[in-house]
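Enquirer: One file is attached below, input_33.txt, containing compact mmCIF, N, CA and C atoms.
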# COMPACT_ATOMS: atom_id res chain seq x y z
N MET F 1287 17.08 -43.51 57.50
CA MET F 1287 17.13 -42.39 58.42
C MET F 1287 17.32 -41.11 57.65
N GLY F 1288 16.75 -40.02 58.14
CA GLY F 1288 16.85 -38.72 57.48
C GLY F 1288 18.09 -37.97 57.89
N ASP F 1289 18.33 -36.88 57.22
CA ASP F 1289 19.46 -36.01 57.52
C ASP F 1289 19.17 -35.28 58.83
N THR F 1290 20.10 -35.40 59.78
CA THR F 1290 19.89 -34.77 61.08
C THR F 1290 20.78 -33.55 61.28
N THR F 1291 21.40 -33.07 60.22
CA THR F 1291 22.26 -31.90 60.33
C THR F 1291 21.43 -30.68 60.68
N GLU F 1292 21.81 -30.02 61.74
CA GLU F 1292 21.12 -28.81 62.17
C GLU F 1292 21.76 -27.60 61.52
N VAL F 1293 20.95 -26.66 61.07
CA VAL F 1293 21.45 -25.41 60.53
C VAL F 1293 21.31 -24.36 61.62
N ASP F 1294 22.44 -23.75 61.99
CA ASP F 1294 22.45 -22.79 63.09
C ASP F 1294 22.21 -21.35 62.64
N ALA F 1295 22.69 -21.00 61.46
CA ALA F 1295 22.56 -19.62 61.00
C ALA F 1295 22.40 -19.62 59.49
N THR F 1296 21.62 -18.70 58.99
CA THR F 1296 21.43 -18.57 57.55
C THR F 1296 21.39 -17.09 57.18
N GLU F 1297 21.92 -16.79 56.03
CA GLU F 1297 21.87 -15.44 55.49
C GLU F 1297 21.85 -15.56 53.97
N THR F 1298 21.05 -14.75 53.32
CA THR F 1298 20.97 -14.79 51.86
C THR F 1298 21.27 -13.43 51.26
N ALA F 1299 21.63 -13.46 49.99
CA ALA F 1299 21.88 -12.24 49.23
C ALA F 1299 21.60 -12.55 47.76
N GLU F 1300 21.29 -11.52 47.00
CA GLU F 1300 21.05 -11.72 45.58
C GLU F 1300 21.49 -10.48 44.82
N ALA F 1301 22.12 -10.70 43.65
CA ALA F 1301 22.55 -9.59 42.79
C ALA F 1301 22.84 -10.13 41.40
N ASP F 1302 22.49 -9.35 40.40
CA ASP F 1302 22.81 -9.68 39.01
C ASP F 1302 22.38 -11.09 38.61
N GLY F 1303 21.24 -11.55 39.12
CA GLY F 1303 20.74 -12.87 38.77
C GLY F 1303 21.40 -14.03 39.49
N VAL F 1304 22.26 -13.73 40.45
CA VAL F 1304 22.95 -14.77 41.23
C VAL F 1304 22.43 -14.71 42.66
N ALA F 1305 21.99 -15.86 43.17
CA ALA F 1305 21.53 -15.95 44.56
C ALA F 1305 22.61 -16.61 45.40
N ALA F 1306 22.77 -16.14 46.63
CA ALA F 1306 23.74 -16.71 47.56
C ALA F 1306 23.04 -17.06 48.86
N ARG F 1307 23.42 -18.20 49.42
CA ARG F 1307 22.87 -18.64 50.71
C ARG F 1307 24.04 -19.09 51.57
N TYR F 1308 24.21 -18.42 52.71
CA TYR F 1308 25.24 -18.79 53.67
C TYR F 1308 24.55 -19.49 54.83
N GLU F 1309 25.11 -20.63 55.22
CA GLU F 1309 24.55 -21.34 56.37
C GLU F 1309 25.66 -22.02 57.16
N GLU F 1310 25.40 -22.19 58.44
CA GLU F 1310 26.32 -22.91 59.31
C GLU F 1310 25.61 -24.14 59.82
N THR F 1311 26.22 -25.30 59.61
CA THR F 1311 25.68 -26.55 60.12
C THR F 1311 26.48 -26.96 61.35
N ASP F 1312 26.22 -28.13 61.88
CA ASP F 1312 26.98 -28.62 63.01
C ASP F 1312 28.47 -28.73 62.69
N ASP F 1313 28.79 -29.03 61.42
CA ASP F 1313 30.17 -29.30 61.04
C ASP F 1313 30.82 -28.28 60.12
N GLU F 1314 30.01 -27.57 59.34
CA GLU F 1314 30.58 -26.74 58.28
C GLU F 1314 29.91 -25.39 58.14
N ARG F 1315 30.64 -24.49 57.49
CA ARG F 1315 30.11 -23.23 57.00
C ARG F 1315 29.96 -23.42 55.50
N LEU F 1316 28.78 -23.13 54.96
CA LEU F 1316 28.50 -23.36 53.54
C LEU F 1316 28.02 -22.07 52.89
N LEU F 1317 28.61 -21.75 51.76
CA LEU F 1317 28.18 -20.61 50.96
C LEU F 1317 27.82 -21.15 49.59
N THR F 1318 26.54 -21.16 49.28
CA THR F 1318 26.06 -21.75 48.03
C THR F 1318 25.54 -20.66 47.10
N PHE F 1319 26.04 -20.68 45.89
CA PHE F 1319 25.61 -19.75 44.84
C PHE F 1319 24.78 -20.52 43.83
N SER F 1320 23.77 -19.85 43.28
CA SER F 1320 22.99 -20.47 42.21
C SER F 1320 22.59 -19.40 41.19
N ALA F 1321 22.60 -19.83 39.93
CA ALA F 1321 22.20 -18.95 38.82
C ALA F 1321 21.89 -19.82 37.62
N ASP F 1322 20.78 -19.56 36.98
CA ASP F 1322 20.40 -20.26 35.75
C ASP F 1322 20.50 -21.79 35.87
N GLY F 1323 20.08 -22.33 37.00
CA GLY F 1323 20.08 -23.78 37.19
C GLY F 1323 21.42 -24.38 37.56
N ARG F 1324 22.45 -23.56 37.69
CA ARG F 1324 23.77 -24.05 38.09
C ARG F 1324 24.02 -23.71 39.56
N THR F 1325 24.79 -24.55 40.24
CA THR F 1325 25.13 -24.28 41.64
C THR F 1325 26.62 -24.51 41.89
N ALA F 1326 27.11 -23.84 42.91
CA ALA F 1326 28.47 -24.04 43.40
C ALA F 1326 28.45 -23.71 44.88
N THR F 1327 29.09 -24.54 45.66
CA THR F 1327 29.16 -24.33 47.11
C THR F 1327 30.61 -24.23 47.55
N VAL F 1328 30.89 -23.23 48.37
CA VAL F 1328 32.19 -23.09 49.03
C VAL F 1328 31.97 -23.54 50.47
N ALA F 1329 32.73 -24.54 50.90
CA ALA F 1329 32.55 -25.12 52.24
C ALA F 1329 33.84 -25.01 53.05
N GLN F 1330 33.68 -24.81 54.34
CA GLN F 1330 34.81 -24.78 55.26
C GLN F 1330 34.37 -25.37 56.58
N ASN F 1331 35.31 -25.99 57.30
CA ASN F 1331 34.91 -26.56 58.58
C ASN F 1331 34.42 -25.44 59.51
N ARG F 1332 33.65 -25.81 60.49
CA ARG F 1332 32.99 -24.85 61.38
C ARG F 1332 33.99 -23.95 62.11
N GLU F 1333 35.16 -24.51 62.43
CA GLU F 1333 36.16 -23.75 63.17
C GLU F 1333 36.86 -22.71 62.29
N GLY F 1334 36.78 -22.87 60.97
CA GLY F 1334 37.32 -21.89 60.05
C GLY F 1334 38.81 -21.95 59.79
N TYR F 1335 39.47 -23.06 60.14
CA TYR F 1335 40.91 -23.11 59.92
C TYR F 1335 41.33 -24.03 58.78
N ALA F 1336 40.44 -24.76 58.18
CA ALA F 1336 40.79 -25.70 57.11
C ALA F 1336 40.66 -25.04 55.74
N MET F 1337 41.20 -25.71 54.74
CA MET F 1337 41.09 -25.23 53.38
C MET F 1337 39.62 -25.17 52.96
N LEU F 1338 39.33 -24.28 52.03
CA LEU F 1338 37.99 -24.16 51.47
C LEU F 1338 37.81 -25.23 50.40
N LYS F 1339 36.64 -25.82 50.36
CA LYS F 1339 36.33 -26.81 49.34
C LYS F 1339 35.27 -26.23 48.42
N VAL F 1340 35.46 -26.39 47.12
CA VAL F 1340 34.42 -26.01 46.17
C VAL F 1340 33.73 -27.29 45.75
N ARG F 1341 32.40 -27.29 45.89
CA ARG F 1341 31.58 -28.46 45.57
C ARG F 1341 30.53 -28.08 44.54
N THR F 1342 29.91 -29.10 43.98
CA THR F 1342 28.83 -28.87 43.03
C THR F 1342 27.57 -28.38 43.72
N ALA F 1343 27.40 -28.68 45.00
CA ALA F 1343 26.24 -28.32 45.82
C ALA F 1343 26.64 -28.52 47.28
N PRO F 1344 25.79 -28.11 48.25
CA PRO F 1344 26.17 -28.29 49.66
C PRO F 1344 26.60 -29.72 50.00
N ASP F 1345 25.92 -30.71 49.46
CA ASP F 1345 26.29 -32.10 49.72
C ASP F 1345 26.81 -32.78 48.45
N GLY F 1346 27.27 -31.96 47.49
CA GLY F 1346 27.74 -32.48 46.20
C GLY F 1346 29.19 -32.89 46.22
N ASP F 1347 29.65 -33.26 45.03
CA ASP F 1347 31.03 -33.71 44.86
C ASP F 1347 32.01 -32.56 45.06
N GLU F 1348 33.11 -32.87 45.74
CA GLU F 1348 34.17 -31.89 45.92
C GLU F 1348 34.95 -31.78 44.61
N LEU F 1349 35.15 -30.55 44.16
CA LEU F 1349 35.86 -30.32 42.90
C LEU F 1349 37.30 -29.88 43.11
N GLU F 1350 37.54 -29.06 44.13
CA GLU F 1350 38.87 -28.51 44.36
C GLU F 1350 38.94 -27.94 45.77
N ARG F 1351 40.19 -27.77 46.28
CA ARG F 1351 40.42 -27.13 47.57
C ARG F 1351 41.31 -25.91 47.39
N TYR F 1352 41.04 -24.89 48.20
CA TYR F 1352 41.81 -23.64 48.10
C TYR F 1352 42.10 -23.11 49.50
N TYR F 1353 43.24 -22.40 49.63
CA TYR F 1353 43.54 -21.70 50.87
C TYR F 1353 42.80 -20.37 50.92
N GLY F 1354 42.73 -19.69 49.78
CA GLY F 1354 42.16 -18.36 49.75
C GLY F 1354 40.72 -18.31 49.29
N PHE F 1355 39.96 -17.43 49.92
CA PHE F 1355 38.55 -17.24 49.59
C PHE F 1355 38.40 -16.72 48.16
N ASP F 1356 39.32 -15.83 47.76
CA ASP F 1356 39.23 -15.26 46.41
C ASP F 1356 39.35 -16.33 45.33
N MET F 1357 40.22 -17.30 45.53
CA MET F 1357 40.38 -18.38 44.55
C MET F 1357 39.14 -19.29 44.53
N ALA F 1358 38.57 -19.55 45.70
CA ALA F 1358 37.35 -20.37 45.76
C ALA F 1358 36.19 -19.64 45.07
N LEU F 1359 36.10 -18.32 45.29
CA LEU F 1359 35.05 -17.55 44.63
C LEU F 1359 35.23 -17.54 43.12
N ASP F 1360 36.47 -17.46 42.67
CA ASP F 1360 36.76 -17.49 41.24
C ASP F 1360 36.27 -18.80 40.62
N HIS F 1361 36.52 -19.91 41.29
CA HIS F 1361 36.07 -21.21 40.81
C HIS F 1361 34.54 -21.28 40.81
N ALA F 1362 33.90 -20.79 41.86
CA ALA F 1362 32.44 -20.79 41.93
C ALA F 1362 31.85 -19.96 40.79
N ALA F 1363 32.43 -18.79 40.53
CA ALA F 1363 31.95 -17.94 39.44
C ALA F 1363 32.10 -18.65 38.10
N GLU F 1364 33.20 -19.34 37.92
CA GLU F 1364 33.42 -20.09 36.68
C GLU F 1364 32.35 -21.15 36.49
N ARG F 1365 31.99 -21.85 37.56
CA ARG F 1365 30.94 -22.87 37.47
C ARG F 1365 29.59 -22.27 37.08
N LEU F 1366 29.34 -21.05 37.51
CA LEU F 1366 28.06 -20.39 37.22
C LEU F 1366 28.09 -19.60 35.92
N ALA F 1367 29.26 -19.50 35.30
CA ALA F 1367 29.45 -18.73 34.07
C ALA F 1367 29.14 -17.25 34.28
N VAL F 1368 29.62 -16.71 35.41
CA VAL F 1368 29.47 -15.28 35.70
C VAL F 1368 30.84 -14.75 36.12
N ALA F 1369 30.96 -13.43 36.14
CA ALA F 1369 32.19 -12.80 36.63
C ALA F 1369 32.20 -12.86 38.15
N VAL F 1370 33.38 -12.98 38.72
CA VAL F 1370 33.50 -13.12 40.17
C VAL F 1370 32.90 -11.92 40.89
N HIS F 1371 32.98 -10.72 40.30
CA HIS F 1371 32.41 -9.55 40.97
C HIS F 1371 30.88 -9.57 40.99
N GLU F 1372 30.27 -10.49 40.26
CA GLU F 1372 28.81 -10.64 40.26
C GLU F 1372 28.30 -11.53 41.40
N LEU F 1373 29.22 -12.18 42.11
CA LEU F 1373 28.81 -13.06 43.21
C LEU F 1373 28.49 -12.22 44.45
N PRO F 1374 27.26 -12.29 44.92
CA PRO F 1374 26.92 -11.57 46.15
C PRO F 1374 27.39 -12.40 47.37
N VAL F 1375 28.23 -11.83 48.19
CA VAL F 1375 28.74 -12.56 49.35
C VAL F 1375 28.07 -12.00 50.61
N PRO F 1376 27.23 -12.80 51.26
CA PRO F 1376 26.61 -12.34 52.51
C PRO F 1376 27.68 -11.97 53.53
N GLU F 1377 27.40 -10.97 54.33
CA GLU F 1377 28.37 -10.47 55.30
C GLU F 1377 28.92 -11.56 56.21
N SER F 1378 28.10 -12.50 56.62
CA SER F 1378 28.55 -13.58 57.51
C SER F 1378 29.60 -14.48 56.89
N ALA F 1379 29.67 -14.51 55.56
CA ALA F 1379 30.61 -15.38 54.87
C ALA F 1379 31.89 -14.67 54.47
N ALA F 1380 31.96 -13.38 54.65
CA ALA F 1380 33.08 -12.58 54.17
C ALA F 1380 34.43 -12.97 54.77
N ASP F 1381 34.45 -13.64 55.91
CA ASP F 1381 35.71 -14.00 56.56
C ASP F 1381 36.13 -15.45 56.30
N MET F 1382 35.51 -16.10 55.34
CA MET F 1382 35.90 -17.48 55.04
C MET F 1382 37.29 -17.51 54.43
N GLY F 1383 38.01 -18.59 54.61
CA GLY F 1383 39.36 -18.75 54.07
C GLY F 1383 40.37 -18.77 55.19
N MET F 1384 41.60 -19.05 54.81
CA MET F 1384 42.66 -19.18 55.80
C MET F 1384 43.43 -17.89 55.95
Kindly present the structure from the file in structure tokens form.

Expert:
Amino acid sequence: MGDTTEVDATETAEADGVAARYEETDDERLLTFSADGRTATVAQNREGYAMLKVRTAPDGDELERYYGFDMALDHAAERLAVAVHELPVPESAADMGM
């Protein structure tokens, strides 16, 4: 059987060679960054009250959990080998975190 997860909303941004894709599925809010073949995804439940998870990709392995968006972004930037201020955050994702 195929993946039946529906994507409800998507928004993209790009800056300094880093691409960002924000999407909302039935269960989660996902913010995926990619640069030079590397990826990092910050995930949160759809309701927005749980800890943020940093993963290798939207459906990848969970690496760490954070309460704060800034800490999750720092980890994502580290995975991409860029400075955190180089991560473009789409407006729809700006309120992620507890």

Enquirer: Need the shell around Gln1330 of chain F: protein/DNA/RNA residues with any atom at most 8 Å away, counting only C-alpha atoms. Skip same-chain ones fewer than 2 positions apart. Format as a list in words?

Expert: Glu1314, Arg1315, Leu1316, Val1328, Arg1332, Gly1334, Tyr1335, Ala1336, Met1337, Leu1338, Lys1339, Met1382 and Gly1383 of chain F

Enquirer: Could you tell me which of F:Thr1325, F:Ala1363, F:Thr1298, F:Ala1358 comes closest to Thr1342 of chain F if we count all atoms listed in the file?

Expert: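 Closest candidate: F:Thr1325.
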
Enquirer: Between atom CA of Val1368 of chain F and atom N of Ala1326 of chain F, what is the distance in Å, rounded to a tenth?

Expert: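 Distance reported for this atom pair: 11.4 Å.
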
Enquirer: DSSP on the backbone: which residues in segment 1289-1334 of chain F end up as strand (DSSP E or B)? Give the answer as an mmCIF file with N, CA and C atoms, keeping the file's coordinate frame.

Expert:
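Result written to states.cif:
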data_model
loop_
_atom_site.group_PDB
_atom_site.id
_atom_site.type_symbol
_atom_site.label_atom_id
_atom_site.label_comp_id
_atom_site.auth_asym_id
_atom_site.auth_seq_id
_atom_site.Cartn_x
_atom_site.Cartn_y
_atom_site.Cartn_z
ATOM 1 N N VAL F 1293 20.950 -26.660 61.070
ATOM 2 C CA VAL F 1293 21.450 -25.410 60.530
ATOM 3 C C VAL F 1293 21.310 -24.360 61.620
ATOM 4 N N ASP F 1294 22.440 -23.750 61.990
ATOM 5 C CA ASP F 1294 22.450 -22.790 63.090
ATOM 6 C C ASP F 1294 22.210 -21.350 62.640
ATOM 7 N N ALA F 1295 22.690 -21.000 61.460
ATOM 8 C CA ALA F 1295 22.560 -19.620 61.000
ATOM 9 C C ALA F 1295 22.400 -19.620 59.490
ATOM 10 N N THR F 1296 21.620 -18.700 58.990
ATOM 11 C CA THR F 1296 21.430 -18.570 57.550
ATOM 12 C C THR F 1296 21.390 -17.090 57.180
ATOM 13 N N GLU F 1297 21.920 -16.790 56.030
ATOM 14 C CA GLU F 1297 21.870 -15.440 55.490
ATOM 15 C C GLU F 1297 21.850 -15.560 53.970
ATOM 16 N N THR F 1298 21.050 -14.750 53.320
ATOM 17 C CA THR F 1298 20.970 -14.790 51.860
ATOM 18 C C THR F 1298 21.270 -13.430 51.260
ATOM 19 N N ALA F 1299 21.630 -13.460 49.990
ATOM 20 C CA ALA F 1299 21.880 -12.240 49.230
ATOM 21 C C ALA F 1299 21.600 -12.550 47.760
ATOM 22 N N GLU F 1300 21.290 -11.520 47.000
ATOM 23 C CA GLU F 1300 21.050 -11.720 45.580
ATOM 24 C C GLU F 1300 21.490 -10.480 44.820
ATOM 25 N N ALA F 1301 22.120 -10.700 43.650
ATOM 26 C CA ALA F 1301 22.550 -9.590 42.790
ATOM 27 C C ALA F 1301 22.840 -10.130 41.400
ATOM 28 N N VAL F 1304 22.260 -13.730 40.450
ATOM 29 C CA VAL F 1304 22.950 -14.770 41.230
ATOM 30 C C VAL F 1304 22.430 -14.710 42.660
ATOM 31 N N ALA F 1305 21.990 -15.860 43.170
ATOM 32 C CA ALA F 1305 21.530 -15.950 44.560
ATOM 33 C C ALA F 1305 22.610 -16.610 45.400
ATOM 34 N N ALA F 1306 22.770 -16.140 46.630
ATOM 35 C CA ALA F 1306 23.740 -16.710 47.560
ATOM 36 C C ALA F 1306 23.040 -17.060 48.860
ATOM 37 N N ARG F 1307 23.420 -18.200 49.420
ATOM 38 C CA ARG F 1307 22.870 -18.640 50.710
ATOM 39 C C ARG F 1307 24.040 -19.090 51.570
ATOM 40 N N TYR F 1308 24.210 -18.420 52.710
ATOM 41 C CA TYR F 1308 25.240 -18.790 53.670
ATOM 42 C C TYR F 1308 24.550 -19.490 54.830
ATOM 43 N N GLU F 1309 25.110 -20.630 55.220
ATOM 44 C CA GLU F 1309 24.550 -21.340 56.370
ATOM 45 C C GLU F 1309 25.660 -22.020 57.160
ATOM 46 N N GLU F 1310 25.400 -22.190 58.440
ATOM 47 C CA GLU F 1310 26.320 -22.910 59.310
ATOM 48 C C GLU F 1310 25.610 -24.140 59.820
ATOM 49 N N THR F 1311 26.220 -25.300 59.610
ATOM 50 C CA THR F 1311 25.680 -26.550 60.120
ATOM 51 C C THR F 1311 26.480 -26.960 61.350
ATOM 52 N N GLU F 1314 30.010 -27.570 59.340
ATOM 53 C CA GLU F 1314 30.580 -26.740 58.280
ATOM 54 C C GLU F 1314 29.910 -25.390 58.140
ATOM 55 N N ARG F 1315 30.640 -24.490 57.490
ATOM 56 C CA ARG F 1315 30.110 -23.230 57.000
ATOM 57 C C ARG F 1315 29.960 -23.420 55.500
ATOM 58 N N LEU F 1316 28.780 -23.130 54.960
ATOM 59 C CA LEU F 1316 28.500 -23.360 53.540
ATOM 60 C C LEU F 1316 28.020 -22.070 52.890
ATOM 61 N N LEU F 1317 28.610 -21.750 51.760
ATOM 62 C CA LEU F 1317 28.180 -20.610 50.960
ATOM 63 C C LEU F 1317 27.820 -21.150 49.590
ATOM 64 N N THR F 1318 26.540 -21.160 49.280
ATOM 65 C CA THR F 1318 26.060 -21.750 48.030
ATOM 66 C C THR F 1318 25.540 -20.660 47.100
ATOM 67 N N PHE F 1319 26.040 -20.680 45.890
ATOM 68 C CA PHE F 1319 25.610 -19.750 44.840
ATOM 69 C C PHE F 1319 24.780 -20.520 43.830
ATOM 70 N N SER F 1320 23.770 -19.850 43.280
ATOM 71 C CA SER F 1320 22.990 -20.470 42.210
ATOM 72 C C SER F 1320 22.590 -19.400 41.190
ATOM 73 N N ALA F 1321 22.600 -19.830 39.930
ATOM 74 C CA ALA F 1321 22.200 -18.950 38.820
ATOM 75 C C ALA F 1321 21.890 -19.820 37.620
ATOM 76 N N ARG F 1324 22.450 -23.560 37.690
ATOM 77 C CA ARG F 1324 23.770 -24.050 38.090
ATOM 78 C C ARG F 1324 24.020 -23.710 39.560
ATOM 79 N N THR F 1325 24.790 -24.550 40.240
ATOM 80 C CA THR F 1325 25.130 -24.280 41.640
ATOM 81 C C THR F 1325 26.620 -24.510 41.890
ATOM 82 N N ALA F 1326 27.110 -23.840 42.910
ATOM 83 C CA ALA F 1326 28.470 -24.040 43.400
ATOM 84 C C ALA F 1326 28.450 -23.710 44.880
ATOM 85 N N THR F 1327 29.090 -24.540 45.660
ATOM 86 C CA THR F 1327 29.160 -24.330 47.110
ATOM 87 C C THR F 1327 30.610 -24.230 47.550
ATOM 88 N N VAL F 1328 30.890 -23.230 48.370
ATOM 89 C CA VAL F 1328 32.190 -23.090 49.030
ATOM 90 C C VAL F 1328 31.970 -23.540 50.470
ATOM 91 N N ALA F 1329 32.730 -24.540 50.900
ATOM 92 C CA ALA F 1329 32.550 -25.120 52.240
ATOM 93 C C ALA F 1329 33.840 -25.010 53.050
ATOM 94 N N GLN F 1330 33.680 -24.810 54.340
ATOM 95 C CA GLN F 1330 34.810 -24.780 55.260
ATOM 96 C C GLN F 1330 34.370 -25.370 56.580
ATOM 97 N N ASN F 1331 35.310 -25.990 57.300
ATOM 98 C CA ASN F 1331 34.910 -26.560 58.580
ATOM 99 C C ASN F 1331 34.420 -25.440 59.510
#

Enquirer: Just the number, please: distance in Å from atom CA of His1361 of chain F to atom CA of Asp1313 of chain F, one decimal.

Expert: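 One can read the atom CA of His1361 of chain F to atom CA of Asp1313 of chain F distance as 22.6 Å.
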
Enquirer: Rank F:Ala1321, F:Asp1312, F:Glu1348, F:Thr1327 by their smallest atom-to-atom distance to Ala1362 of chain F, using only N, CA and C atoms, and report the top residue only.

Expert: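 Closest to Ala1362 of chain F, using only N, CA and C atoms: F:Thr1327.
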
Enquirer: Between atom CA of Leu1317 of chain F and atom CA of Gly1303 of chain F, measure the distance and give it in Å to one decimal.

Expert: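 Taking atom CA of Leu1317 of chain F and atom CA of Gly1303 of chain F, their separation equals 16.2 Å.
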
Enquirer: Per DSSP on the backbone, filter chain F down to the residues in alpha helix (DSSP H) and report them as a VMD selection string.

Expert: chain F and resid 1355 to 1366

Enquirer: Can you tell me which residues surround Arg1324 of chain F at a distance of at most 6.5 Å, considering only N, CA and C atoms, apart from same-chain residues fewer than 5 positions away, and format the answer as an NGL selection string?

Expert: :F and (1319 or 1365-1366)
